[in-house]
Amino acid sequence: METMRDRFAPVASRLLEEDPRVAVLLAEIGKDGFSEALRAHPDRVINVGIREQLLVGAAAGLALTGLRPIVHTFASFLVERPFEQVKLDLGHQDTGAVLVSAAASFDWPAGGVTHMAPGDIALLDTLDGWTTHVPGHPDEAETLLRHAVAAGDDKVYVRLSLQANRDPLPVDGEHFLTVREGRAGVVLAVGPMLDAVLAATEGLDVTVLYATTVRPFDAAGLRRATEAARPDVVLVEPYLAGTSTAAVSEALSDVPHRVLGLGVARRELRRYGTIEEHVAAHGLDAGSLRERIGAFLAPARV
C-alpha cells in the first residue's frame, strides 16, 4: 500500500518541473527518492548531509533569494533538533519554507525516542504565523503539499505519517469537514485518526469533524458544529494529547463547554514494539477511544 511518504518524492519532483522557484533540501533521509530530480535540477535539489541546523538555515537563505524551499527529514530532526533555526532563520527573518516531515509520533518504533516526535506541533505552536497540515491519506498529502508550495512565502508544516485512513476526503487546506452529524457532542478527529474515531463512535449520537489543517484552527467550523450539538468537544490528535485544547477553548470562549484532549501521552514508552502497540498503549485504538469518548459524554446519555 502506498504511504504518504511514497507519494511525497514524486510530487515534489513534479513541483520542481512545474515551478522554477521550488527547491528541495534534504539531510540524507529520503535522498534516494530524488535521484532523478537531482540529475535534472542539481542547483535546486540539495542534500546537506546529517546537518539539520544547516538544513533549515540553508532553506531560509534560499527563501531570501526568492526560492520556495521544500525541506524534508524526520519530524524529530526537522522541528525539534533545529528548533533555534526554525525560530530565528525562518521566524525572526520572516522567511517562508515548506517543512515536510516523516515518522510522525512513533512511525519507526525501533528507532527509539530519538526518532519520535509527538511534541512537534505543540512546539511549533510557540511560534507565530505557521500553517500546519496533518493529512490522513496519501491523496490528501499531495493536495496539501501543493497548497503549501503555492502559499506565497508562508511558513508551512506538512506532517506525513505511515498511519493513514482507508479513503481520502476532499480537503481544502483550510476547513474542517463534517463526516457525521449528531447531537450529544462533537468529536474532532485529526488526520490519520479518522477511521479509528468513526469506528469508535459507530451508533453514538455525536458529530464527527475531520481536520487535516489544524493551524490556523477552524474556529468557525467548530462553532457551527456545536450550534447543532451539545458543546462538549473531544479532540483526537495523533500527537501530544491536548495540543489543540487551547484552540478549542478560544473558539468557544463565550460558550459554556467541556473539552477532552486525547492523543499521545507524555510518558515515554521504553519498550518500542510496533506502531500498533504504541497506538494501543496510548489509548488511540477504536476500542479504547469508544470507552474514553463514551465516558466523557456520558452525561449526555450517549
# chains A, B, ... in the order shown; residues from 1 in each chain; ligands from 1
>>> residues_around(residues="Leu240 in chain A", least_positions_apart="6", cutoff="7 Å", atoms="only C-alpha atoms", output="mmCIF file with C-alpha atoms, in the first residue's frame")
data_model
loop_
_atom_site.group_PDB
_atom_site.id
_atom_site.type_symbol
_atom_site.label_atom_id
_atom_site.label_comp_id
_atom_site.auth_asym_id
_atom_site.auth_seq_id
_atom_site.Cartn_x
_atom_site.Cartn_y
_atom_site.Cartn_z
ATOM 1 C CA PRO A 118 4.811 13.556 19.414
ATOM 2 C CA GLY A 119 5.515 17.128 20.553
ATOM 3 C CA GLY A 263 -3.589 11.786 21.886
ATOM 4 C CA VAL A 264 -0.085 10.579 22.646
ATOM 5 C CA ALA A 265 0.646 10.588 26.376
ATOM 6 C CA ARG A 266 3.618 12.454 27.829
#
>>> select_by_dssp(residues="range 31-168 of chain A", states="strand (DSSP E or B)", output="ChimeraX atom specification")
/A:45-47,68-74,97-102,130-133,155-159
>>> residues_around(residues="Leu88 in chain A", least_positions_apart="4", cutoff="10 Å", atoms="only C-alpha atoms", output="list of chain:residue names")
A:Val56, A:Gly57, A:Ala60, A:Phe83, A:Glu84, A:His92, A:Gln93, A:Asp94, A:Thr95
>>> write_last_selection(atoms="N, CA and C atoms", output="PDB file, in the first residue's frame")
ATOM      1  N   VAL A  56      17.868  23.804   7.838  1.00  0.00           N
ATOM      2  CA  VAL A  56      16.884  24.883   7.986  1.00  0.00           C
ATOM      3  C   VAL A  56      17.504  26.232   7.638  1.00  0.00           C
ATOM      4  N   GLY A  57      18.753  26.448   8.062  1.00  0.00           N
ATOM      5  CA  GLY A  57      19.411  27.709   7.734  1.00  0.00           C
ATOM      6  C   GLY A  57      19.582  27.904   6.247  1.00  0.00           C
ATOM      7  N   ALA A  60      16.283  28.896   4.692  1.00  0.00           N
ATOM      8  CA  ALA A  60      15.994  30.319   4.883  1.00  0.00           C
ATOM      9  C   ALA A  60      16.798  31.171   3.911  1.00  0.00           C
ATOM     10  N   PHE A  83      15.340  23.531  16.234  1.00  0.00           N
ATOM     11  CA  PHE A  83      14.271  24.476  16.571  1.00  0.00           C
ATOM     12  C   PHE A  83      14.766  25.925  16.619  1.00  0.00           C
ATOM     13  N   GLU A  84      15.994  26.135  17.073  1.00  0.00           N
ATOM     14  CA  GLU A  84      16.518  27.501  17.108  1.00  0.00           C
ATOM     15  C   GLU A  84      16.545  28.114  15.713  1.00  0.00           C
ATOM     16  N   HIS A  92      12.128  34.702  12.824  1.00  0.00           N
ATOM     17  CA  HIS A  92      12.598  36.058  13.070  1.00  0.00           C
ATOM     18  C   HIS A  92      12.892  36.807  11.775  1.00  0.00           C
ATOM     19  N   GLN A  93      13.444  36.092  10.785  1.00  0.00           N
ATOM     20  CA  GLN A  93      13.737  36.737   9.499  1.00  0.00           C
ATOM     21  C   GLN A  93      12.516  36.848   8.605  1.00  0.00           C
ATOM     22  N   ASP A  94      11.403  36.223   9.054  1.00  0.00           N
ATOM     23  CA  ASP A  94      10.150  36.252   8.296  1.00  0.00           C
ATOM     24  C   ASP A  94      10.352  35.718   6.888  1.00  0.00           C
ATOM     25  N   THR A  95      11.033  34.577   6.803  1.00  0.00           N
ATOM     26  CA  THR A  95      11.208  33.903   5.524  1.00  0.00           C
ATOM     27  C   THR A  95      10.299  32.681   5.471  1.00  0.00           C
TER      28      THR A  95
END
>>> residues_around(residues="Leu289 in chain A", least_positions_apart="6", cutoff="12 Å", atoms="only C-alpha atoms", output="number ranges by chain")
A: 187, 189, 193-202, 234-237, 260-263, 279-283, 295-297
>>> atom_distance(atom1="CA of Leu26 in chain A", atom2="CA of Leu144 in chain A")
19.6 Å
>>> residues_around(residues="Phe74 in chain A", least_positions_apart="5", cutoff="7 Å", atoms="only C-alpha atoms", output="list in words")
Ser101, Ala102 and Ala103 of chain A
>>> write_last_selection(atoms="C-alpha atoms", output="PDB file, in the first residue's frame")
ATOM      1  CA  SER A 101       8.290  15.638   7.975  1.00  0.00           C
ATOM      2  CA  ALA A 102       8.214  11.856   8.149  1.00  0.00           C
ATOM      3  CA  ALA A 103       7.996   9.347  11.020  1.00  0.00           C
TER       4      ALA A 103
END
>>> residues_around(residues="Gly173 in chain A", least_positions_apart="5", cutoff="8 Å", atoms="only C-alpha atoms", output="list in words")
His133, Leu144, His147, Thr212 and Thr213 of chain A
>>> select_by_dssp(residues="range 148-288 of chain A", states="helix (DSSP H, G or I)", output="JSON, numbers by chain")
{"A": [148, 149, 191, 192, 193, 194, 195, 196, 197, 198, 199, 200, 219, 220, 221, 222, 223, 224, 225, 226, 227, 245, 246, 247, 248, 249, 250, 251, 275, 276, 277, 278, 279, 280, 281, 286, 287, 288]}
>>> write_last_selection(atoms="N, CA and C atoms", output="mmCIF file, in the first residue's frame")
data_model
loop_
_atom_site.group_PDB
_atom_site.id
_atom_site.type_symbol
_atom_site.label_atom_id
_atom_site.label_comp_id
_atom_site.auth_asym_id
_atom_site.auth_seq_id
_atom_site.Cartn_x
_atom_site.Cartn_y
_atom_site.Cartn_z
ATOM 1 N N ALA A 148 0.606 24.046 0.097
ATOM 2 C CA ALA A 148 1.701 24.644 0.855
ATOM 3 C C ALA A 148 2.699 25.350 -0.057
ATOM 4 N N VAL A 149 3.068 24.702 -1.138
ATOM 5 C CA VAL A 149 4.042 25.286 -2.063
ATOM 6 C C VAL A 149 3.474 26.538 -2.722
ATOM 7 N N GLY A 191 -6.375 14.111 11.039
ATOM 8 C CA GLY A 191 -5.569 13.297 10.136
ATOM 9 C C GLY A 191 -5.842 11.809 10.238
ATOM 10 N N PRO A 192 -4.805 10.999 10.466
ATOM 11 C CA PRO A 192 -4.962 9.542 10.421
ATOM 12 C C PRO A 192 -5.784 8.955 11.557
ATOM 13 N N MET A 193 -6.352 9.786 12.424
ATOM 14 C CA MET A 193 -7.206 9.289 13.497
ATOM 15 C C MET A 193 -8.651 9.083 13.063
ATOM 16 N N LEU A 194 -9.020 9.498 11.842
ATOM 17 C CA LEU A 194 -10.433 9.494 11.467
ATOM 18 C C LEU A 194 -11.041 8.100 11.475
ATOM 19 N N ASP A 195 -10.402 7.124 10.846
ATOM 20 C CA ASP A 195 -11.004 5.788 10.774
ATOM 21 C C ASP A 195 -11.247 5.217 12.156
ATOM 22 N N ALA A 196 -10.303 5.379 13.061
ATOM 23 C CA ALA A 196 -10.475 4.866 14.420
ATOM 24 C C ALA A 196 -11.611 5.589 15.134
ATOM 25 N N VAL A 197 -11.737 6.898 14.906
ATOM 26 C CA VAL A 197 -12.814 7.658 15.534
ATOM 27 C C VAL A 197 -14.170 7.232 14.982
ATOM 28 N N LEU A 198 -14.251 7.029 13.678
ATOM 29 C CA LEU A 198 -15.530 6.591 13.102
ATOM 30 C C LEU A 198 -15.935 5.231 13.638
ATOM 31 N N ALA A 199 -14.990 4.327 13.777
ATOM 32 C CA ALA A 199 -15.288 3.008 14.349
ATOM 33 C C ALA A 199 -15.686 3.141 15.816
ATOM 34 N N ALA A 200 -14.996 4.016 16.541
ATOM 35 C CA ALA A 200 -15.259 4.183 17.971
ATOM 36 C C ALA A 200 -16.617 4.811 18.246
ATOM 37 N N ALA A 219 -11.933 27.752 13.793
ATOM 38 C CA ALA A 219 -12.828 28.059 14.902
ATOM 39 C C ALA A 219 -14.279 28.170 14.439
ATOM 40 N N ALA A 220 -14.489 28.776 13.274
ATOM 41 C CA ALA A 220 -15.854 28.938 12.771
ATOM 42 C C ALA A 220 -16.495 27.588 12.496
ATOM 43 N N GLY A 221 -15.725 26.648 11.956
ATOM 44 C CA GLY A 221 -16.255 25.318 11.684
ATOM 45 C C GLY A 221 -16.643 24.598 12.960
ATOM 46 N N LEU A 222 -15.819 24.723 13.992
ATOM 47 C CA LEU A 222 -16.153 24.090 15.266
ATOM 48 C C LEU A 222 -17.385 24.740 15.881
ATOM 49 N N ARG A 223 -17.473 26.052 15.820
ATOM 50 C CA ARG A 223 -18.637 26.744 16.388
ATOM 51 C C ARG A 223 -19.927 26.307 15.694
ATOM 52 N N ARG A 224 -19.877 26.171 14.367
ATOM 53 C CA ARG A 224 -21.081 25.723 13.651
ATOM 54 C C ARG A 224 -21.501 24.339 14.125
ATOM 55 N N ALA A 225 -20.540 23.471 14.332
ATOM 56 C CA ALA A 225 -20.859 22.115 14.772
ATOM 57 C C ALA A 225 -21.481 22.111 16.162
ATOM 58 N N THR A 226 -21.001 22.984 17.044
ATOM 59 C CA THR A 226 -21.539 22.996 18.408
ATOM 60 C C THR A 226 -22.884 23.696 18.496
ATOM 61 N N GLU A 227 -23.246 24.448 17.462
ATOM 62 C CA GLU A 227 -24.565 25.068 17.462
ATOM 63 C C GLU A 227 -25.662 24.028 17.284
ATOM 64 N N THR A 245 -6.324 21.816 22.722
ATOM 65 C CA THR A 245 -7.406 22.161 23.649
ATOM 66 C C THR A 245 -7.544 23.671 23.845
ATOM 67 N N ALA A 246 -6.412 24.382 23.841
ATOM 68 C CA ALA A 246 -6.497 25.844 23.983
ATOM 69 C C ALA A 246 -7.205 26.463 22.792
ATOM 70 N N ALA A 247 -6.963 25.922 21.590
ATOM 71 C CA ALA A 247 -7.632 26.446 20.394
ATOM 72 C C ALA A 247 -9.134 26.208 20.474
ATOM 73 N N VAL A 248 -9.546 25.057 20.992
ATOM 74 C CA VAL A 248 -10.973 24.777 21.175
ATOM 75 C C VAL A 248 -11.572 25.758 22.177
ATOM 76 N N SER A 249 -10.896 25.941 23.299
ATOM 77 C CA SER A 249 -11.419 26.840 24.325
ATOM 78 C C SER A 249 -11.526 28.274 23.827
ATOM 79 N N GLU A 250 -10.568 28.696 23.020
ATOM 80 C CA GLU A 250 -10.635 30.051 22.466
ATOM 81 C C GLU A 250 -11.798 30.171 21.481
ATOM 82 N N ALA A 251 -12.003 29.130 20.666
ATOM 83 C CA ALA A 251 -13.104 29.166 19.698
ATOM 84 C C ALA A 251 -14.460 29.229 20.388
ATOM 85 N N ILE A 275 4.069 -0.064 15.725
ATOM 86 C CA ILE A 275 3.165 1.091 15.672
ATOM 87 C C ILE A 275 1.844 0.753 16.340
ATOM 88 N N GLU A 276 1.303 -0.425 16.024
ATOM 89 C CA GLU A 276 0.002 -0.821 16.569
ATOM 90 C C GLU A 276 0.047 -0.907 18.094
ATOM 91 N N GLU A 277 1.166 -1.386 18.628
ATOM 92 C CA GLU A 277 1.293 -1.474 20.084
ATOM 93 C C GLU A 277 1.367 -0.087 20.714
ATOM 94 N N HIS A 278 2.013 0.850 20.045
ATOM 95 C CA HIS A 278 2.046 2.220 20.553
ATOM 96 C C HIS A 278 0.657 2.847 20.510
ATOM 97 N N VAL A 279 -0.066 2.625 19.419
ATOM 98 C CA VAL A 279 -1.431 3.151 19.311
ATOM 99 C C VAL A 279 -2.280 2.646 20.479
ATOM 100 N N ALA A 280 -2.194 1.353 20.742
ATOM 101 C CA ALA A 280 -2.982 0.768 21.837
ATOM 102 C C ALA A 280 -2.512 1.287 23.193
ATOM 103 N N ALA A 281 -1.204 1.405 23.373
ATOM 104 C CA ALA A 281 -0.666 1.856 24.656
ATOM 105 C C ALA A 281 -1.110 3.275 24.988
ATOM 106 N N ALA A 286 -9.565 1.930 18.336
ATOM 107 C CA ALA A 286 -11.005 2.194 18.315
ATOM 108 C C ALA A 286 -11.689 1.784 19.618
ATOM 109 N N GLY A 287 -11.313 0.633 20.179
ATOM 110 C CA GLY A 287 -11.945 0.177 21.412
ATOM 111 C C GLY A 287 -11.687 1.119 22.578
ATOM 112 N N SER A 288 -10.446 1.530 22.751
ATOM 113 C CA SER A 288 -10.113 2.451 23.840
ATOM 114 C C SER A 288 -10.775 3.806 23.634
#
>>> atom_distance(atom1="CA of Tyr272 in chain A", atom2="CA of Pro138 in chain A")
25.6 Å
>>> closest_residue(among="A:Val86, A:Val113, A:Met4, A:Val158", to="Arg267 in chain A", atoms="only C-alpha atoms")
A:Val113
>>> closest_residue(among="A:Arg292, A:Ala298, A:Leu124, A:Ala241", to="Arg215 in chain A", atoms="only C-alpha atoms")
A:Leu124
>>> closest_residue(among="A:Leu177, A:Ala117, A:Val206, A:Val100", to="Val156 in chain A", atoms="only C-alpha atoms")
A:Val100
